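So this block is protein.txt, compact mmCIF, C-alpha atoms and all ligand atoms:
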```
# COMPACT_ATOMS: atom_id res chain seq x y z
CA MET A 27 67.57 29.75 -51.31
CA SER A 28 65.03 31.45 -49.09
CA GLN A 29 65.74 35.05 -48.10
CA TYR A 30 63.75 34.62 -44.89
CA ARG A 31 65.19 36.14 -41.74
CA THR A 32 63.39 37.34 -38.64
CA PHE A 33 63.27 41.13 -38.64
CA THR A 34 64.88 43.27 -35.98
CA ALA A 35 63.13 46.54 -35.11
CA ALA A 36 65.62 48.44 -37.31
CA GLU A 37 64.92 46.14 -40.27
CA ALA A 38 61.19 46.61 -39.77
CA VAL A 39 61.65 50.41 -39.98
CA GLU A 40 63.76 50.09 -43.13
CA TYR A 41 61.18 47.78 -44.68
CA ALA A 42 58.33 50.18 -43.86
CA GLN A 43 60.32 53.05 -45.39
CA ARG A 44 60.65 51.09 -48.65
CA PHE A 45 57.22 49.50 -48.85
CA GLY A 46 54.85 51.55 -46.67
CA GLY A 47 53.78 53.72 -49.60
CA LEU A 48 54.41 56.95 -47.68
CA SER A 49 55.53 60.12 -49.46
CA ASP A 50 57.58 61.10 -46.39
CA ALA A 51 59.02 57.61 -45.80
CA SER A 52 62.29 58.97 -44.36
CA SER A 53 60.32 60.35 -41.40
CA LEU A 54 59.81 56.76 -40.17
CA VAL A 55 62.37 56.28 -37.42
CA LYS A 56 61.29 53.76 -34.80
CA ALA A 57 59.60 50.37 -34.47
CA GLU A 58 57.94 48.87 -31.44
CA GLU A 59 57.10 45.17 -31.39
CA VAL A 60 53.55 44.98 -30.07
CA GLY A 61 52.48 41.45 -31.08
CA ASP A 62 50.35 39.95 -28.34
CA GLY A 63 48.74 37.20 -30.42
CA ASN A 64 49.74 33.57 -30.49
CA LEU A 65 51.69 33.46 -33.73
CA ASN A 66 53.54 36.44 -35.22
CA LEU A 67 55.75 39.49 -34.82
CA VAL A 68 53.89 42.78 -35.17
CA PHE A 69 55.81 46.08 -35.37
CA LYS A 70 54.21 49.49 -35.16
CA ILE A 71 56.34 51.94 -37.12
CA PHE A 72 56.53 55.49 -35.75
CA ASP A 73 57.57 58.76 -37.35
CA ARG A 74 59.73 61.49 -35.79
CA ASP A 75 56.68 62.96 -34.05
CA GLY A 76 56.00 59.63 -32.33
CA ILE A 77 52.96 58.93 -34.51
CA SER A 78 52.40 55.34 -35.58
CA ARG A 79 52.07 55.38 -39.39
CA VAL A 80 52.11 51.77 -40.64
CA VAL A 81 52.30 48.23 -39.26
CA VAL A 82 54.78 45.53 -40.31
CA LYS A 83 53.68 41.98 -39.52
CA GLN A 84 56.00 39.01 -39.96
CA ALA A 85 55.26 35.32 -39.51
CA LEU A 86 57.73 33.35 -37.39
CA PRO A 87 58.58 29.80 -38.49
CA TYR A 88 56.95 28.47 -35.32
CA VAL A 89 53.99 29.15 -33.01
CA ARG A 90 55.08 32.19 -31.02
CA CYS A 91 53.17 31.39 -27.82
CA VAL A 92 54.68 27.88 -27.66
CA GLY A 93 58.14 28.29 -29.18
CA GLU A 94 60.33 26.47 -31.70
CA THR A 95 59.08 23.06 -30.58
CA TRP A 96 55.92 23.78 -32.62
CA PRO A 97 57.12 24.66 -36.15
CA LEU A 98 54.58 26.33 -38.42
CA THR A 99 54.47 27.12 -42.12
CA LEU A 100 55.61 30.57 -43.28
CA ASP A 101 53.15 30.25 -46.17
CA ARG A 102 50.53 31.48 -43.71
CA ALA A 103 51.82 35.02 -44.34
CA ARG A 104 50.95 34.72 -48.05
CA LEU A 105 47.59 33.18 -47.22
CA GLU A 106 46.86 35.96 -44.76
CA ALA A 107 47.91 38.78 -47.10
CA GLU A 108 46.03 37.34 -50.07
CA THR A 109 42.92 36.67 -47.99
CA LEU A 110 42.95 40.26 -46.70
CA VAL A 111 43.57 41.67 -50.19
CA GLU A 112 40.64 39.66 -51.53
CA HIS A 113 38.35 40.55 -48.62
CA TYR A 114 39.38 44.22 -48.95
CA ARG A 115 38.38 44.14 -52.60
CA LEU A 116 34.96 42.81 -51.60
CA CYS A 117 34.43 44.86 -48.44
CA PRO A 118 37.02 47.67 -48.14
CA GLN A 119 35.15 49.49 -45.38
CA HIS A 120 35.52 46.54 -42.99
CA THR A 121 38.92 45.01 -43.87
CA VAL A 122 42.39 46.28 -43.01
CA LYS A 123 44.31 47.53 -46.06
CA VAL A 124 47.44 45.59 -47.03
CA LEU A 125 49.98 47.98 -48.55
CA HIS A 126 52.59 45.39 -49.55
CA TYR A 127 53.54 41.79 -48.90
CA ASP A 128 56.45 39.48 -49.61
CA ALA A 129 55.85 35.72 -49.44
CA GLU A 130 59.59 34.85 -49.07
CA LEU A 131 60.09 37.11 -46.09
CA ALA A 132 56.62 36.14 -44.79
CA VAL A 133 55.99 39.80 -44.15
CA MET A 134 53.32 42.37 -44.91
CA VAL A 135 52.90 46.09 -44.41
CA MET A 136 49.42 47.26 -43.40
CA GLU A 137 47.61 50.48 -42.72
CA ASP A 138 47.93 51.68 -39.14
CA LEU A 139 44.77 51.29 -37.09
CA SER A 140 45.86 53.17 -33.97
CA SER A 141 42.63 55.15 -34.08
CA HIS A 142 40.85 51.83 -33.43
CA ARG A 143 40.90 49.38 -30.54
CA ILE A 144 40.70 45.62 -30.35
CA TRP A 145 37.02 44.76 -29.93
CA ARG A 146 37.60 42.08 -27.27
CA GLY A 147 39.10 44.60 -24.84
CA GLU A 148 36.26 47.03 -25.44
CA LEU A 149 33.61 44.36 -24.91
CA ALA A 150 35.31 43.30 -21.68
CA GLN A 151 35.16 46.87 -20.37
CA GLY A 152 31.50 47.22 -21.24
CA ARG A 153 32.13 49.74 -24.04
CA ASP A 154 29.47 49.45 -26.67
CA TYR A 155 30.00 50.20 -30.36
CA PRO A 156 26.39 50.29 -31.55
CA GLN A 157 27.20 49.67 -35.20
CA ALA A 158 29.82 46.94 -34.75
CA THR A 159 27.67 43.82 -35.06
CA ARG A 160 25.80 45.19 -38.07
CA GLN A 161 29.15 45.99 -39.69
CA LEU A 162 30.54 42.55 -38.90
CA GLY A 163 27.40 40.97 -40.40
CA GLU A 164 27.94 43.07 -43.52
CA TYR A 165 31.61 42.01 -43.75
CA LEU A 166 30.65 38.34 -43.44
CA ALA A 167 27.86 38.58 -46.02
CA GLN A 168 29.98 40.43 -48.58
CA THR A 169 33.09 38.27 -48.28
CA LEU A 170 31.29 34.93 -48.01
CA PHE A 171 28.67 35.52 -50.71
CA HIS A 172 31.13 36.83 -53.30
CA THR A 173 33.51 33.90 -52.81
CA SER A 174 30.77 31.23 -52.89
CA ASP A 175 29.30 29.16 -55.75
CA PHE A 176 26.33 31.54 -55.80
CA TYR A 177 28.61 34.16 -57.29
CA LEU A 178 31.92 32.79 -58.63
CA HIS A 179 32.25 30.95 -61.93
CA PRO A 180 32.85 27.26 -61.04
CA HIS A 181 36.30 27.27 -62.67
CA GLU A 182 37.35 30.40 -60.79
CA LYS A 183 35.96 29.00 -57.54
CA LYS A 184 37.94 25.77 -57.91
CA ALA A 185 41.13 27.66 -58.79
CA ARG A 186 40.70 29.69 -55.61
CA VAL A 187 40.06 26.62 -53.48
CA ILE A 188 43.49 25.40 -54.64
CA ARG A 189 45.20 28.77 -54.10
CA PHE A 190 43.79 29.09 -50.59
CA THR A 191 44.32 25.51 -49.46
CA ASN A 192 45.77 26.03 -46.00
CA PRO A 193 46.49 22.59 -44.50
CA GLU A 194 48.74 23.52 -41.56
CA MET A 195 46.55 26.31 -40.22
CA CYS A 196 43.42 24.22 -40.73
CA GLU A 197 45.06 21.41 -38.80
CA ILE A 198 45.44 23.73 -35.80
CA THR A 199 41.71 24.45 -35.90
CA GLU A 200 40.83 20.80 -36.55
CA ASP A 201 42.78 19.78 -33.44
CA LEU A 202 42.09 22.70 -31.12
CA PHE A 203 38.36 23.05 -31.85
CA PHE A 204 37.17 19.58 -32.58
CA THR A 205 39.54 17.02 -31.05
CA ASP A 206 41.59 18.13 -28.04
CA PRO A 207 38.74 19.28 -25.76
CA TYR A 208 36.99 15.91 -26.17
CA GLU A 209 40.12 13.89 -25.29
CA ASN A 210 42.73 13.85 -22.61
CA HIS A 211 45.37 15.92 -24.45
CA PRO A 212 48.38 17.70 -22.90
CA ARG A 213 47.51 20.89 -24.79
CA ASN A 214 44.21 21.22 -22.90
CA ASP A 215 44.13 23.75 -20.12
CA TYR A 216 41.22 24.15 -17.71
CA PRO A 217 40.75 24.69 -13.97
CA ALA A 218 40.87 21.55 -11.83
CA GLN A 219 37.44 22.51 -10.46
CA LEU A 220 35.99 21.71 -13.91
CA GLU A 221 37.28 18.14 -14.06
CA ALA A 222 33.81 16.61 -13.51
CA ASP A 223 32.20 18.92 -16.12
CA VAL A 224 34.87 17.99 -18.66
CA ALA A 225 34.51 14.26 -17.93
CA GLU A 226 30.78 14.57 -18.54
CA LEU A 227 31.43 16.42 -21.79
CA ARG A 228 33.62 13.56 -23.01
CA ARG A 229 31.02 10.94 -22.13
CA ASP A 230 28.22 12.69 -24.02
CA GLU A 231 27.67 10.57 -27.15
CA ARG A 232 25.15 12.92 -28.70
CA LEU A 233 27.50 15.87 -28.30
CA ARG A 234 30.48 13.94 -29.66
CA ASN A 235 28.56 12.95 -32.78
CA GLU A 236 27.50 16.53 -33.44
CA VAL A 237 31.12 17.68 -32.97
CA ALA A 238 32.29 14.97 -35.39
CA GLY A 239 29.81 16.33 -37.95
CA LEU A 240 31.08 19.89 -37.43
CA LYS A 241 34.66 18.75 -37.92
CA HIS A 242 33.71 16.72 -40.97
CA ARG A 243 32.12 19.78 -42.57
CA PHE A 244 35.14 21.89 -41.62
CA PHE A 245 37.34 19.37 -43.47
CA SER A 246 35.18 19.00 -46.55
CA HIS A 247 32.68 21.81 -47.21
CA ALA A 248 34.56 24.32 -49.36
CA GLU A 249 31.63 26.74 -49.47
CA ALA A 250 33.35 30.12 -49.42
CA HIS A 251 36.64 31.90 -48.66
CA LEU A 252 36.52 32.24 -44.89
CA HIS A 253 38.49 34.58 -42.67
CA GLY A 254 39.00 31.44 -40.59
CA ASP A 255 39.60 33.06 -37.16
CA ILE A 256 37.12 35.90 -36.82
CA HIS A 257 37.01 36.18 -33.03
CA SER A 258 36.72 39.54 -31.24
CA GLY A 259 40.54 39.76 -31.01
CA SER A 260 40.72 39.76 -34.83
CA VAL A 261 38.48 42.82 -35.10
CA PHE A 262 39.39 46.50 -34.60
CA VAL A 263 36.62 48.96 -33.74
CA ALA A 264 36.26 52.74 -33.49
CA GLU A 265 33.19 54.95 -33.38
CA GLY A 266 31.25 53.95 -36.50
CA SER A 267 34.06 51.79 -37.89
CA LEU A 268 35.01 48.10 -37.83
CA LYS A 269 37.98 46.40 -39.52
CA ALA A 270 38.82 42.69 -39.70
CA ILE A 271 42.53 41.79 -39.36
CA ASP A 272 44.57 38.57 -38.84
CA ALA A 273 43.39 36.27 -41.61
CA GLU A 274 46.15 33.63 -41.61
CA PHE A 275 43.58 30.88 -41.10
CA GLY A 276 41.80 31.90 -44.33
CA TYR A 277 40.67 28.97 -46.51
CA PHE A 278 37.59 27.70 -48.35
CA GLY A 279 35.37 26.17 -45.71
CA PRO A 280 31.81 26.13 -44.33
CA VAL A 281 30.22 29.58 -44.12
CA GLY A 282 28.81 28.76 -40.68
CA PHE A 283 32.33 28.50 -39.27
CA ASP A 284 33.00 32.25 -39.66
CA VAL A 285 29.52 33.24 -38.52
CA GLY A 286 29.68 30.81 -35.58
CA THR A 287 33.12 31.97 -34.43
CA ALA A 288 31.89 35.57 -34.39
CA LEU A 289 28.71 34.61 -32.48
CA GLY A 290 30.77 32.48 -30.09
CA ASN A 291 32.92 35.43 -29.09
CA LEU A 292 29.86 37.55 -28.32
CA LEU A 293 28.68 34.72 -26.09
CA LEU A 294 32.06 34.26 -24.40
CA ASN A 295 31.76 37.90 -23.42
CA TYR A 296 28.12 37.30 -22.34
CA CYS A 297 29.31 34.53 -20.00
CA ALA A 298 32.23 36.60 -18.66
CA LEU A 299 30.46 39.90 -17.94
CA PRO A 300 29.22 39.00 -14.42
CA GLY A 301 32.89 38.56 -13.46
CA LEU A 302 34.05 41.73 -15.19
CA LEU A 303 31.51 44.43 -14.36
CA ALA A 304 29.29 45.50 -11.47
CA THR A 305 25.89 43.75 -11.30
CA ARG A 306 23.79 46.41 -13.08
CA GLU A 307 26.33 47.06 -15.86
CA ALA A 308 26.89 43.33 -16.35
CA ALA A 309 23.14 42.74 -16.73
CA ASP A 310 22.84 45.58 -19.28
CA GLY A 311 25.93 44.34 -21.12
CA ARG A 312 24.55 40.81 -21.32
CA GLU A 313 21.25 42.06 -22.69
CA GLN A 314 23.22 44.02 -25.26
CA ARG A 315 25.22 40.90 -26.26
CA LEU A 316 21.97 39.02 -26.89
CA GLN A 317 20.80 41.85 -29.11
CA ASP A 318 24.22 41.72 -30.82
CA VAL A 319 23.68 38.02 -31.54
CA ARG A 320 20.34 38.88 -33.15
CA THR A 321 21.77 41.80 -35.17
CA LEU A 322 24.78 39.83 -36.36
CA TRP A 323 22.78 36.89 -37.61
CA LEU A 324 19.95 38.96 -39.13
CA THR A 325 22.32 41.37 -40.88
CA PHE A 326 24.37 38.51 -42.28
CA ALA A 327 21.31 36.53 -43.44
CA GLU A 328 19.42 39.50 -44.90
CA ARG A 329 22.47 40.83 -46.75
CA PHE A 330 23.41 37.37 -48.06
CA GLN A 331 19.84 36.85 -49.25
CA ALA A 332 19.73 40.25 -50.96
CA LEU A 333 23.06 39.60 -52.67
CA ALA A 334 21.85 36.17 -53.79
CA ALA A 335 18.65 37.68 -55.24
CA GLU A 336 20.58 40.40 -57.05
CA LYS A 337 23.83 38.77 -58.07
CA SER A 338 23.65 34.94 -58.11
CA ARG A 339 25.41 33.77 -61.24
CA ASP A 340 24.56 30.10 -60.98
CA ARG A 341 21.08 29.62 -62.45
CA THR A 342 20.26 26.57 -60.33
CA LEU A 343 21.34 28.04 -57.00
CA ALA A 344 19.20 31.07 -57.90
CA TRP A 345 16.01 28.97 -58.07
CA SER A 346 13.32 30.38 -55.86
CA GLY A 347 13.49 29.17 -52.26
CA TYR A 348 16.98 27.68 -52.46
CA VAL A 349 18.85 30.47 -50.70
CA ASP A 350 16.36 30.29 -47.80
CA ALA A 351 16.95 26.57 -47.45
CA TYR A 352 20.73 27.11 -47.65
CA LEU A 353 20.66 29.83 -44.98
CA LYS A 354 18.75 27.49 -42.65
CA LYS A 355 21.65 25.03 -42.90
CA VAL A 356 24.16 27.83 -42.39
CA PHE A 357 22.23 28.91 -39.27
CA ALA A 358 22.35 25.41 -37.78
CA ASP A 359 26.07 25.16 -38.62
CA SER A 360 26.73 28.60 -37.12
CA ILE A 361 25.13 27.60 -33.81
CA GLY A 362 27.18 24.38 -33.76
CA TYR A 363 30.45 26.18 -34.51
CA CYS A 364 29.53 28.86 -31.98
CA GLY A 365 29.17 26.12 -29.35
CA SER A 366 32.50 24.57 -30.31
CA GLU A 367 34.21 27.99 -29.97
CA LEU A 368 32.80 28.23 -26.40
CA ILE A 369 34.13 24.78 -25.51
CA ARG A 370 37.56 25.12 -27.08
CA ARG A 371 38.11 28.49 -25.33
CA THR A 372 37.31 26.98 -21.93
CA VAL A 373 38.74 23.44 -22.07
CA GLY A 374 41.31 23.70 -24.86
CA MET A 375 44.66 25.39 -25.24
CA SER A 376 43.71 28.86 -26.36
CA HIS A 377 41.76 31.02 -23.96
CA VAL A 378 40.13 34.46 -24.12
CA ALA A 379 40.89 37.52 -22.01
CA ASP A 380 37.17 38.01 -21.28
CA LEU A 381 37.24 34.96 -19.01
CA GLU A 382 40.93 34.90 -18.05
CA THR A 383 40.99 38.42 -16.62
CA ILE A 384 38.19 37.81 -14.10
CA LYS A 385 39.99 38.45 -10.81
CA ASP A 386 37.76 36.64 -8.35
CA GLU A 387 38.62 32.96 -8.69
CA ALA A 388 35.23 31.51 -7.72
CA MET A 389 33.49 33.91 -10.08
CA ARG A 390 35.94 33.05 -12.88
CA ILE A 391 35.24 29.34 -12.46
CA ASP A 392 31.46 30.00 -12.50
CA CYS A 393 31.75 32.03 -15.72
CA ILE A 394 33.96 29.40 -17.40
CA ARG A 395 31.54 26.66 -16.33
CA HIS A 396 28.67 28.67 -17.79
CA ALA A 397 30.48 29.06 -21.15
CA LEU A 398 31.22 25.33 -21.23
CA SER A 399 27.65 24.35 -20.48
CA LEU A 400 26.26 26.87 -22.98
CA GLY A 401 28.62 25.51 -25.63
CA LYS A 402 27.35 21.97 -25.01
CA THR A 403 23.71 23.04 -25.10
CA LEU A 404 24.15 24.90 -28.37
CA ILE A 405 25.98 22.10 -30.17
CA VAL A 406 23.32 19.56 -29.27
CA ALA A 407 20.37 21.90 -29.90
CA ALA A 408 21.75 23.42 -33.14
CA PRO A 409 19.84 21.17 -35.59
CA HIS A 410 16.55 22.03 -33.82
CA ILE A 411 16.86 25.82 -33.49
CA ASP A 412 15.38 27.51 -36.50
CA THR A 413 15.05 31.18 -35.59
CA VAL A 414 17.31 33.66 -33.88
CA ASP A 415 14.60 34.28 -31.25
CA THR A 416 14.61 30.58 -30.35
CA LEU A 417 18.40 30.76 -30.15
CA ILE A 418 18.25 33.69 -27.75
CA ALA A 419 15.59 31.94 -25.65
CA ARG A 420 17.89 28.86 -25.37
CA ILE A 421 20.80 31.06 -24.31
CA ARG A 422 18.65 32.71 -21.63
CA GLN A 423 17.39 29.32 -20.39
CA ASN A 424 20.98 28.20 -19.91
CA GLY A 425 21.56 30.94 -17.33
C1 LIG B 501 48.30 27.81 -31.79
S1 LIG B 501 47.29 29.07 -32.33
C2 LIG B 501 45.99 29.16 -31.17
C3 LIG B 501 44.87 30.02 -31.58
O1 LIG B 501 45.32 31.33 -31.86
C4 LIG B 501 44.73 31.81 -33.05
O2 LIG B 501 44.29 33.12 -32.92
C5 LIG B 501 43.61 30.84 -33.38
O3 LIG B 501 42.40 31.21 -32.77
C6 LIG B 501 44.17 29.58 -32.84
O4 LIG B 501 43.19 28.60 -32.64
MG MG B 502 45.00 35.69 -34.88
```
Produce C-alpha cells that represent the structure in this file.
Amino acid sequence: MSQYRTFTAAEAVEYAQRFGGLSDASSLVKAEEVGDGNLNLVFKIFDRDGISRVVVKQALPYVRCVGETWPLTLDRARLEAETLVEHYRLCPQHTVKVLHYDAELAVMVMEDLSSHRIWRGELAQGRDYPQATRQLGEYLAQTLFHTSDFYLHPHEKKARVIRFTNPEMCEITEDLFFTDPYENHPRNDYPAQLEADVAELRRDERLRNEVAGLKHRFFSHAEAHLHGDIHSGSVFVAEGSLKAIDAEFGYFGPVGFDVGTALGNLLLNYCALPGLLATREAADGREQRLQDVRTLWLTFAERFQALAAEKSRDRTLAWSGYVDAYLKKVFADSIGYCGSELIRRTVGMSHVADLETIKDEAMRIDCIRHALSLGKTLIVAAPHIDTVDTLIARIRQNG
C-alpha cells in the first residue's frame, strides 16, 4: 500500500530534519509553503534564526492550479528528482542539488536557493544578469550532449529512454503547446480583443502543418534527456550564478524543444517590456534580449560542437560535417518550438507574468498580440532561417 500523504508544514519540517543532510538538523523549526507554480507544494524550511536552509517539494496527485478534477501522476516527482540528479552530475554549476528523494511520498529535499531569484521576475523588472544566457547555453549543451547518441552507448541510451518515459507530463505539453491553441478548447484563455487574430491563426494551413511537424517530433524524436520545461520561471539567477530547477517534464525528446522553450521565454519578455518599463529602459531591455537570443544559441551550438569533437563515442555521428548538419536541424526546430511557446503562452491555458502583469489594458493587449504574431512568424519561417543574425532580423521586422 502506498505511504503517500500530503505533507503538513510540521511534517515537512520533520522530513527536512531527517533527510536535509544538515549537521544541526534539530535547528530546523518552521516551514512556509511558498509554491506559486502550477503543480506542487513547495516548503521552505527555516532554522531558529529565521534562515531558510533547505526546500521540501512534494507532488500533489492533481494539477494544483486546477484542482482535483485534473488528476496527475505522482511519478512525476521521481522523474523530476532523477532528471535533476542526472543533470547535476553533468552540469553541477547550473543545476539545483537534490539532497534526497522518496518516490512513494513523491517528495524531494533540495538545496536552498534563497540567495537567488527567479529569472522571470528579474527580466520583468529590467534587471540584467550578464552571464545568465551564456550559463543557460552551457547547461543546455552539457545536459543535452551527454544524454544524446553522440555520447551514450546505444544500450545505455535506450535504457534511459525507458526509465525517463514520462507519458502524463508529455501529454500536458502535447495538448497545451500543440493542440489547444489551434482549436476551440475550454482550456484556452485569451483576451476577447484577440478573437480575430486567433481565428486567423487557426485558418493558417501553413502554420498548422508546421505545428503538426513540431508535435510529431515532440512525440517521436528521443534525441536527448530534456529538462522539458525550461522557461524563465524554472531558472534561478544570482550575480554570476544560474541554476535550473523544476524538471518534472523531463523525458527523452527533441533537443530543439529545450533550446526553443528557453529562447521563447526571452522573446516573451522582449514582447512584454514596452508594457513593463519606461520607453528608454524598455528599448534597452529589448536590445539586450536580442543579444541574449544570440548568446544563448551561439553558446549552446559552440559548446555542443566542441563536446561532439572531443567526446563523441559513436564513430558514425563523429564523421566530419555531421554535427554541423545536425545543429542546423536543431536550430530550425528551436525556432519552431520557440514560436509555439509564444503562442501557447498567449492563447493557451498557461500564461506568463511578463505579459499578465502589464497594468495598462490596451498596452497589455498590444504586447500579447505582438507575441502571438511573432510566434506565428517564427514557426512558419523556421525552416528558412539559417543563422542567428537572420533570426534576429526577422524578430526586429516583426515589430
Ligand atoms: C497544467 S501545467 C501548465 C504548465 O505549467 C508548467 O510549468 C508547464 O509549463 C505546463 O505547460
Ligand atoms: Mg514548473
Item to check | Residue contacts of Arg90 of chain A (10 Å, all atoms listed in the file) excluding same-chain residues fewer than 5 positions away, as a list of chain:residue names | outcome: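 With the cut-off at 10 Å, the set is A:Gly61, A:Asp62, A:Gly63, A:Asn64, A:Leu65, A:Asn66, A:Leu67, A:Ala85, A:Thr95, A:Trp96, A:Pro97, A:Leu98.
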Residue neighbourhood Gly374 of chain A, 12 Å, only C-alpha atoms, exclusion window fewer than 2 positions, as a PDB file with C-alpha atoms, in the coordinates of the input:
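Contents of out04.pdb, as written:
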```
ATOM      1  CA  ILE A 198      45.440  23.730 -35.800  1.00  0.00           C
ATOM      2  CA  THR A 199      41.710  24.450 -35.900  1.00  0.00           C
ATOM      3  CA  ASP A 201      42.780  19.780 -33.440  1.00  0.00           C
ATOM      4  CA  LEU A 202      42.090  22.700 -31.120  1.00  0.00           C
ATOM      5  CA  PHE A 203      38.360  23.050 -31.850  1.00  0.00           C
ATOM      6  CA  PHE A 204      37.170  19.580 -32.580  1.00  0.00           C
ATOM      7  CA  THR A 205      39.540  17.020 -31.050  1.00  0.00           C
ATOM      8  CA  ASP A 206      41.590  18.130 -28.040  1.00  0.00           C
ATOM      9  CA  PRO A 207      38.740  19.280 -25.760  1.00  0.00           C
ATOM     10  CA  TYR A 208      36.990  15.910 -26.170  1.00  0.00           C
ATOM     11  CA  GLU A 209      40.120  13.890 -25.290  1.00  0.00           C
ATOM     12  CA  ASN A 210      42.730  13.850 -22.610  1.00  0.00           C
ATOM     13  CA  HIS A 211      45.370  15.920 -24.450  1.00  0.00           C
ATOM     14  CA  PRO A 212      48.380  17.700 -22.900  1.00  0.00           C
ATOM     15  CA  ARG A 213      47.510  20.890 -24.790  1.00  0.00           C
ATOM     16  CA  ASN A 214      44.210  21.220 -22.900  1.00  0.00           C
ATOM     17  CA  ASP A 215      44.130  23.750 -20.120  1.00  0.00           C
ATOM     18  CA  TYR A 216      41.220  24.150 -17.710  1.00  0.00           C
ATOM     19  CA  PRO A 217      40.750  24.690 -13.970  1.00  0.00           C
ATOM     20  CA  VAL A 224      34.870  17.990 -18.660  1.00  0.00           C
ATOM     21  CA  SER A 366      32.500  24.570 -30.310  1.00  0.00           C
ATOM     22  CA  GLU A 367      34.210  27.990 -29.970  1.00  0.00           C
ATOM     23  CA  LEU A 368      32.800  28.230 -26.400  1.00  0.00           C
ATOM     24  CA  ILE A 369      34.130  24.780 -25.510  1.00  0.00           C
ATOM     25  CA  ARG A 370      37.560  25.120 -27.080  1.00  0.00           C
ATOM     26  CA  ARG A 371      38.110  28.490 -25.330  1.00  0.00           C
ATOM     27  CA  THR A 372      37.310  26.980 -21.930  1.00  0.00           C
ATOM     28  CA  SER A 376      43.710  28.860 -26.360  1.00  0.00           C
ATOM     29  CA  HIS A 377      41.760  31.020 -23.960  1.00  0.00           C
ATOM     30  CA  VAL A 378      40.130  34.460 -24.120  1.00  0.00           C
ATOM     31  CA  ILE A 394      33.960  29.400 -17.400  1.00  0.00           C
ATOM     32  CA  LEU A 398      31.220  25.330 -21.230  1.00  0.00           C
TER      33      LEU A 398
END
```
Next on the checklist: Using only C-alpha atoms for the distances, tell me which of A:Gly286, A:Pro409, A:Gly152, A:Pro180 is nearest to Arg312 of chain A.
Outcome noted: A:Gly152
Item to check | Exercise answer, 10 Å around ligand MG 502 (chain B) with all atoms listed in the file, as a ChimeraX atom specification | outcome: /A:62-66,254-261,271-275
Store the residues picked out above in a file with C-alpha atoms, as a compact mmCIF listing (two decimals), in the frame of the given file.
```txt
# COMPACT_ATOMS: atom_id res chain seq x y z
CA ASP A 62 50.35 39.95 -28.34
CA GLY A 63 48.74 37.20 -30.42
CA ASN A 64 49.74 33.57 -30.49
CA LEU A 65 51.69 33.46 -33.73
CA ASN A 66 53.54 36.44 -35.22
CA GLY A 254 39.00 31.44 -40.59
CA ASP A 255 39.60 33.06 -37.16
CA ILE A 256 37.12 35.90 -36.82
CA HIS A 257 37.01 36.18 -33.03
CA SER A 258 36.72 39.54 -31.24
CA GLY A 259 40.54 39.76 -31.01
CA SER A 260 40.72 39.76 -34.83
CA VAL A 261 38.48 42.82 -35.10
CA ILE A 271 42.53 41.79 -39.36
CA ASP A 272 44.57 38.57 -38.84
CA ALA A 273 43.39 36.27 -41.61
CA GLU A 274 46.15 33.63 -41.61
CA PHE A 275 43.58 30.88 -41.10
```
Next on the checklist: At a cut-off of 9 Å, using all atoms listed in the file, what residues contact Gln331 of chain A? Leave out same-chain residues fewer than 4 positions from it and give the result as an MDAnalysis selection string.
Outcome noted: chainID A and resid 167 326:327 335:336 349:350 353
Checklist entry - Between A:Leu178, A:Ala225, A:Leu162, A:Ala419, which one has atoms that come closest to Leu292 of chain A, using only C-alpha atoms? => result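 Under the stated criterion, the closest residue is A:Leu162.
Residues within 8 Å of Thr169 of chain A, counting all atoms listed in the file and excluding same-chain residues fewer than 3 positions away, are His113, Leu116, Cys117, Tyr165, Leu166, His172, Thr173, His251 and Leu252 of chain A.
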